[in-house]
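Student: If you scroll down you'll find the structure; I have some questions about it.
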Amino acid sequence: MNTSTFNGLPTTIVIFGASGDLTQRKLMPSLFNLFRKRRTPKDVQIVGFGGTEFSDEQFRERLHTGIKEHAGYDFTEEEWNVFAPNLSYFHGKYGEVGDFTRLAEHLSQLENGGANRLFYMALPPTLFPVIIDNLGASGQLHENGAWRRVVLEKPFGTDLESATILNHQVHKALNENQIYRIDHYLGKETVQNILFTRFANTIFEPIWNRTYIDHVQITVAETVGLEHRAGFYDSVGVLRDMFQNHLLQLLTLVAMEPPASFSATHLRNEKVKVLSAIQPMTPEQVARHTVRAQYKGYRNEKQVNPASTTPTYAAMRLFVNNWRWKGVPFYLRSGKNLAEKLSQVIIQFKEPPLAMFPMQAMKPNMLVLYLQPDEGLHVRFEAKAPDTVAETRSVDMEFHYAEAFGQTAIPESYERLLLDTIQGDASLFTRADEVETAWALIDPILQTWETHQTPPLAVYRPGSWGPPEGYDLLARDGRRWLNEEASMMLDK
Ligand code: BG6
């Protein structure tokens, strides 16, 4: 890697919310791995900021334990001992501007000269404005030869109005190009590979349109329930937790036009165009084209309101109204406590226009992008069954990351995202207008669900593939969820 991308200055990373879960499980294992791979700037300082008191030594010990538990890669104690001196802790209150002035002095001493600073908000979004105000008031956001960047974790707002207000608040102190809004799905290799599949090849793009594609299915299914986040989840639900961000992001990557380049501006312009081409639903459309459901037993979970109507599963049908996609349904679905952990995009092609062969099964071709687990790509097509006159059989070609690149080839998504923030590449981060356009699609659904209670809240059995209503959504169009068929391709 070319170190000039770091403008030659040391870099300081300040993590707000340093004693939290995200820091332990994701941020530190990722930063450590980047350091081991020599991808961080040579002079990097990582400073944890938080309300709990820790000495530097206690903080390091805590992170060491967290990394051993969560890293998912092997490392030596020697490597840790080289990394650990770069870590330190600063005790302060998020609401106290005086603590931020002390922080500024502390960082200046630590840096001993000019340095870039990355401020990572690993805490609830209600704290973003106050921290950003205090960073501004203590003169820490001013770029003077060295850059200043802020990374904001999701959720970015809880609806369009709150997201717009939040954008307004952060723009008071920061330019958009200093802001990195995280959607960790964009850091996944396989999610980036959607664009590589489409635009680094010539064989897919000519048929990637309404002439050849019948419909698209995007599934992000989880086997986990609420884990330790029940209280938070109950106030959020699946639409805010998964659709406004991850599922709509996947949709933009599948549906977008080829960007003029892979620069952050060009890429995000195209994504916004896709979202803008989706018509926000009317209440009647919400009633007909969305499904909301809760798994059985959800209301008995600790910290969940016993009368809660928070959905843990949703499915919907969307249309992208442009020349490429007019009339092609995109079916999106996500839920907790489902049968399988599976994130996949299925492109179902149209049936051949004519059955030429007498025993031809009219099976349409299918392209499946396996985002996780068993990351890869499969193509189903028809072949002549040997020793028959004219029978056809479905066969598939498979690409598995693990086979092609080795078992450990796929890094944690936060590694890539953290590296990009250090390098100033915002392509994999959501822009202000993108977040707002996504909320503008989700808001009418939330409002219809929450104020009119339509469609009725369905119930599903934990460990199933969701409620019958989820199947009806496609059955009404003469279609069905294809994941089980696709899994059979995988099992073979
Ligand atoms: C998070 C959601 O953004 O994504 C969680 O808040 C969800 O509820 C998680 O479990 C899923 O991420 P992944 O990477 O495990 O698919």
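Ordered as shown in the structure tokens, chains take letters A, B, and onward, while each chain numbers its residues from 1 and ligands are numbered from 1 in the order shown.
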Using only C-alpha atoms and all ligand atoms, what are the residues with an atom within 10 Å of ligand 1, set out as a PyMOL selection string?
Tutor: chain A and resi 153-155+182-188+220-227+229+232-233+236-238+240-243+245-246+312+334-336+341-343+371-373+412-413
Student: What parts of region 91-336 of chain A does DSSP call helix (DSSP H, G or I)? I'd like the answer as a ChimeraX atom specification.
Tutor: /A:97-111,125-137,160-173,176-178,184-187,189-199,205-207,230-234,237-255,264-276,283-289,298-300
Student: Identify all residues of region 239-293 of chain A in strand (DSSP E) (DSSP on the backbone) and supply them as a PyMOL selection string.
Tutor: chain A and resi 290-293
Student: Name all residues at most 9 Å from region 423-430 of chain A (count only C-alpha atoms; drop same-chain ones fewer than 4 positions away) and give them as an NGL selection string.
Tutor: :A and (5-6 or 149 or 177-184 or 186-187 or 192 or 249 or 262-268 or 417-419 or 434-435)
Student: Write the selection just made, keeping C-alpha atoms, as a PDB file, in the first residue's frame?
Tutor:
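Listed below is the output, result_23.pdb:
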ATOM      1  CA  THR A   5      -2.472   8.024   0.815  1.00  0.00           C
ATOM      2  CA  PHE A   6      -2.049   8.822   4.495  1.00  0.00           C
ATOM      3  CA  ARG A 149     -13.140  12.615   9.832  1.00  0.00           C
ATOM      4  CA  ASN A 177     -16.829  14.692   2.834  1.00  0.00           C
ATOM      5  CA  GLN A 178     -15.715  14.419   6.468  1.00  0.00           C
ATOM      6  CA  ILE A 179     -18.655  12.157   7.349  1.00  0.00           C
ATOM      7  CA  TYR A 180     -18.618   8.359   7.017  1.00  0.00           C
ATOM      8  CA  ARG A 181     -22.001   6.746   7.749  1.00  0.00           C
ATOM      9  CA  ILE A 182     -21.498   3.035   8.276  1.00  0.00           C
ATOM     10  CA  ASP A 183     -23.565   0.265   6.781  1.00  0.00           C
ATOM     11  CA  HIS A 184     -21.463  -2.777   7.571  1.00  0.00           C
ATOM     12  CA  LEU A 186     -21.173  -2.602   2.268  1.00  0.00           C
ATOM     13  CA  GLY A 187     -17.934  -3.756   3.868  1.00  0.00           C
ATOM     14  CA  GLN A 192     -18.914  -5.486  -3.079  1.00  0.00           C
ATOM     15  CA  GLN A 249     -28.357  -1.057  -0.052  1.00  0.00           C
ATOM     16  CA  PHE A 262     -15.964   3.901  -8.812  1.00  0.00           C
ATOM     17  CA  SER A 263     -15.431   7.213  -7.097  1.00  0.00           C
ATOM     18  CA  ALA A 264     -17.611   7.810  -4.072  1.00  0.00           C
ATOM     19  CA  THR A 265     -19.504  10.555  -5.876  1.00  0.00           C
ATOM     20  CA  HIS A 266     -20.305   8.589  -9.012  1.00  0.00           C
ATOM     21  CA  LEU A 267     -21.173   5.407  -7.187  1.00  0.00           C
ATOM     22  CA  ARG A 268     -23.445   7.089  -4.698  1.00  0.00           C
ATOM     23  CA  LEU A 417     -14.512   0.063   6.206  1.00  0.00           C
ATOM     24  CA  LEU A 418     -11.973   1.263   8.760  1.00  0.00           C
ATOM     25  CA  LEU A 419      -9.230   1.220   6.180  1.00  0.00           C
ATOM     26  CA  GLU A 434     -28.999   8.502   0.168  1.00  0.00           C
ATOM     27  CA  VAL A 435     -29.974   7.916   3.793  1.00  0.00           C
TER      28      VAL A 435
END
Student: Which residues come within 10 Å of region 303-307 of chain A, counting only C-alpha atoms, excluding same-chain residues fewer than 3 positions away, as a ChimeraX atom specification?
Tutor: /A:226,228-235,297-300,310
Student: Which residues, written as a list of chain:residue names, have at least one atom at most 6 Å from Gln344 (chain A), with only C-alpha atoms counted and residues fewer than 3 positions away on the same chain left out?
Tutor: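 Listed by chain and then number, they are A:Ile218, A:Thr219, A:Leu369, A:Tyr370, A:Leu371.
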Student: State, in Å with one decimal place, the distance from CA of Gly136 (chain A) to CA of Phe100 (chain A).
Tutor: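 CA of Phe100 (chain A) lies 9.3 Å from CA of Gly136 (chain A).
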Student: Determine, counting only C-alpha atoms, which protein, DNA and RNA residues have an atom within 8 Å of an atom of region 117-132 of chain A; residues of the same chain fewer than 3 positions away are not included. Present the result as an NGL selection string.
Tutor: :A and (11-18 or 20 or 22-23 or 94-95 or 135-136 or 146-157 or 166 or 169-170 or 173 or 421-422)
Student: Any chance you could tabulate, as a tab-separated table, the residues of region 370-463 of chain A at most 12 Å from region 345-361 of chain A with each one's nearest atom pair and distance in Å to one decimal, using only C-alpha atoms, in chain and rising number order?
Tutor:
residue	atom	partner	partner_atom	distance
A:Tyr370	CA	A:Val345	CA	6.7
A:Leu371	CA	A:Val345	CA	7.6
A:Gln372	CA	A:Val345	CA	10.3
A:Glu375	CA	A:Val345	CA	11.5
A:Gly376	CA	A:Val345	CA	10.9
A:Leu377	CA	A:Val345	CA	9.6
A:His378	CA	A:Ile346	CA	9.5
A:Val379	CA	A:Ile347	CA	9.6
A:Arg380	CA	A:Gln348	CA	9.7
A:Phe381	CA	A:Phe349	CA	10.2
A:Glu382	CA	A:Ala361	CA	8.4
A:Ala383	CA	A:Gln360	CA	9.6
A:Lys384	CA	A:Gln360	CA	8.8
A:Ala385	CA	A:Gln360	CA	10.1
A:Thr388	CA	A:Met359	CA	9.4
A:Val389	CA	A:Met359	CA	8.4
A:Ala390	CA	A:Met359	CA	5.5
A:Glu391	CA	A:Met359	CA	4.7
A:Thr392	CA	A:Gln360	CA	5.3
A:Arg393	CA	A:Ala361	CA	7.3
A:Ser394	CA	A:Ala361	CA	8.5
Student: List the neighbours of Leu110 (chain A) out to 12 Å using only C-alpha atoms; skip same-chain residues closer than 5 positions along the sequence, and give me the result as a VMD selection string.
Tutor: chain A and resid 10 to 13 43 to 47 85 to 90 103 to 105 115
Student: Would you mind exporting N, CA and C atoms of the selected residues as a PDB file, in the first residue's frame?
Tutor:
ATOM      1  N   PRO A  10       1.093  11.189  11.015  1.00  0.00           N
ATOM      2  CA  PRO A  10       0.552  10.136  11.878  1.00  0.00           C
ATOM      3  C   PRO A  10      -0.972  10.244  11.944  1.00  0.00           C
ATOM      4  N   THR A  11      -1.611   9.177  12.353  1.00  0.00           N
ATOM      5  CA  THR A  11      -3.078   9.178  12.448  1.00  0.00           C
ATOM      6  C   THR A  11      -3.501   8.778  13.855  1.00  0.00           C
ATOM      7  N   THR A  12      -4.450   9.523  14.381  1.00  0.00           N
ATOM      8  CA  THR A  12      -5.006   9.171  15.681  1.00  0.00           C
ATOM      9  C   THR A  12      -6.467   8.770  15.486  1.00  0.00           C
ATOM     10  N   ILE A  13      -6.812   7.629  16.051  1.00  0.00           N
ATOM     11  CA  ILE A  13      -8.204   7.178  15.978  1.00  0.00           C
ATOM     12  C   ILE A  13      -8.798   7.277  17.380  1.00  0.00           C
ATOM     13  N   ASP A  43       2.502   5.345  12.099  1.00  0.00           N
ATOM     14  CA  ASP A  43       2.329   5.976  13.409  1.00  0.00           C
ATOM     15  C   ASP A  43       0.842   6.111  13.691  1.00  0.00           C
ATOM     16  N   VAL A  44       0.288   5.100  14.291  1.00  0.00           N
ATOM     17  CA  VAL A  44      -1.144   5.174  14.599  1.00  0.00           C
ATOM     18  C   VAL A  44      -1.341   5.088  16.111  1.00  0.00           C
ATOM     19  N   GLN A  45      -2.194   5.955  16.614  1.00  0.00           N
ATOM     20  CA  GLN A  45      -2.562   5.915  18.031  1.00  0.00           C
ATOM     21  C   GLN A  45      -4.046   5.641  18.090  1.00  0.00           C
ATOM     22  N   ILE A  46      -4.443   4.746  18.965  1.00  0.00           N
ATOM     23  CA  ILE A  46      -5.879   4.477  19.118  1.00  0.00           C
ATOM     24  C   ILE A  46      -6.268   4.831  20.547  1.00  0.00           C
ATOM     25  N   VAL A  47      -7.138   5.813  20.660  1.00  0.00           N
ATOM     26  CA  VAL A  47      -7.503   6.306  21.979  1.00  0.00           C
ATOM     27  C   VAL A  47      -8.973   5.991  22.246  1.00  0.00           C
ATOM     28  N   PRO A  85       1.075  -0.961  22.771  1.00  0.00           N
ATOM     29  CA  PRO A  85       1.494   0.394  23.194  1.00  0.00           C
ATOM     30  C   PRO A  85       0.804   1.517  22.412  1.00  0.00           C
ATOM     31  N   ASN A  86       0.194   1.194  21.264  1.00  0.00           N
ATOM     32  CA  ASN A  86      -0.525   2.229  20.506  1.00  0.00           C
ATOM     33  C   ASN A  86      -1.912   2.517  21.073  1.00  0.00           C
ATOM     34  N   LEU A  87      -2.304   1.729  22.075  1.00  0.00           N
ATOM     35  CA  LEU A  87      -3.659   1.888  22.627  1.00  0.00           C
ATOM     36  C   LEU A  87      -3.613   2.641  23.949  1.00  0.00           C
ATOM     37  N   SER A  88      -4.537   3.552  24.124  1.00  0.00           N
ATOM     38  CA  SER A  88      -4.639   4.214  25.420  1.00  0.00           C
ATOM     39  C   SER A  88      -6.084   4.623  25.666  1.00  0.00           C
ATOM     40  N   TYR A  89      -6.337   5.078  26.871  1.00  0.00           N
ATOM     41  CA  TYR A  89      -7.719   5.369  27.249  1.00  0.00           C
ATOM     42  C   TYR A  89      -7.819   6.768  27.824  1.00  0.00           C
ATOM     43  N   PHE A  90      -8.921   7.420  27.534  1.00  0.00           N
ATOM     44  CA  PHE A  90      -9.169   8.760  28.076  1.00  0.00           C
ATOM     45  C   PHE A  90     -10.557   8.766  28.697  1.00  0.00           C
ATOM     46  N   LEU A 103      -9.302  16.547  26.172  1.00  0.00           N
ATOM     47  CA  LEU A 103      -8.973  15.520  25.172  1.00  0.00           C
ATOM     48  C   LEU A 103      -8.066  16.121  24.086  1.00  0.00           C
ATOM     49  N   ALA A 104      -8.433  17.329  23.643  1.00  0.00           N
ATOM     50  CA  ALA A 104      -7.647  17.970  22.584  1.00  0.00           C
ATOM     51  C   ALA A 104      -6.196  18.155  23.046  1.00  0.00           C
ATOM     52  N   GLU A 105      -6.032  18.582  24.284  1.00  0.00           N
ATOM     53  CA  GLU A 105      -4.668  18.788  24.813  1.00  0.00           C
ATOM     54  C   GLU A 105      -3.934  17.448  24.898  1.00  0.00           C
ATOM     55  N   ALA A 115      -1.212  15.751  13.125  1.00  0.00           N
ATOM     56  CA  ALA A 115      -1.699  14.376  12.893  1.00  0.00           C
ATOM     57  C   ALA A 115      -3.131  14.413  12.380  1.00  0.00           C
TER      58      ALA A 115
END
Student: Using only C-alpha atoms, find the one residue out of A:Thr40, A:Pro311, A:His91, A:Ala432 that sits nearest to Glu53 (chain A).
Tutor: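 Distance minimum relative to Glu53 (chain A) lands on A:His91.
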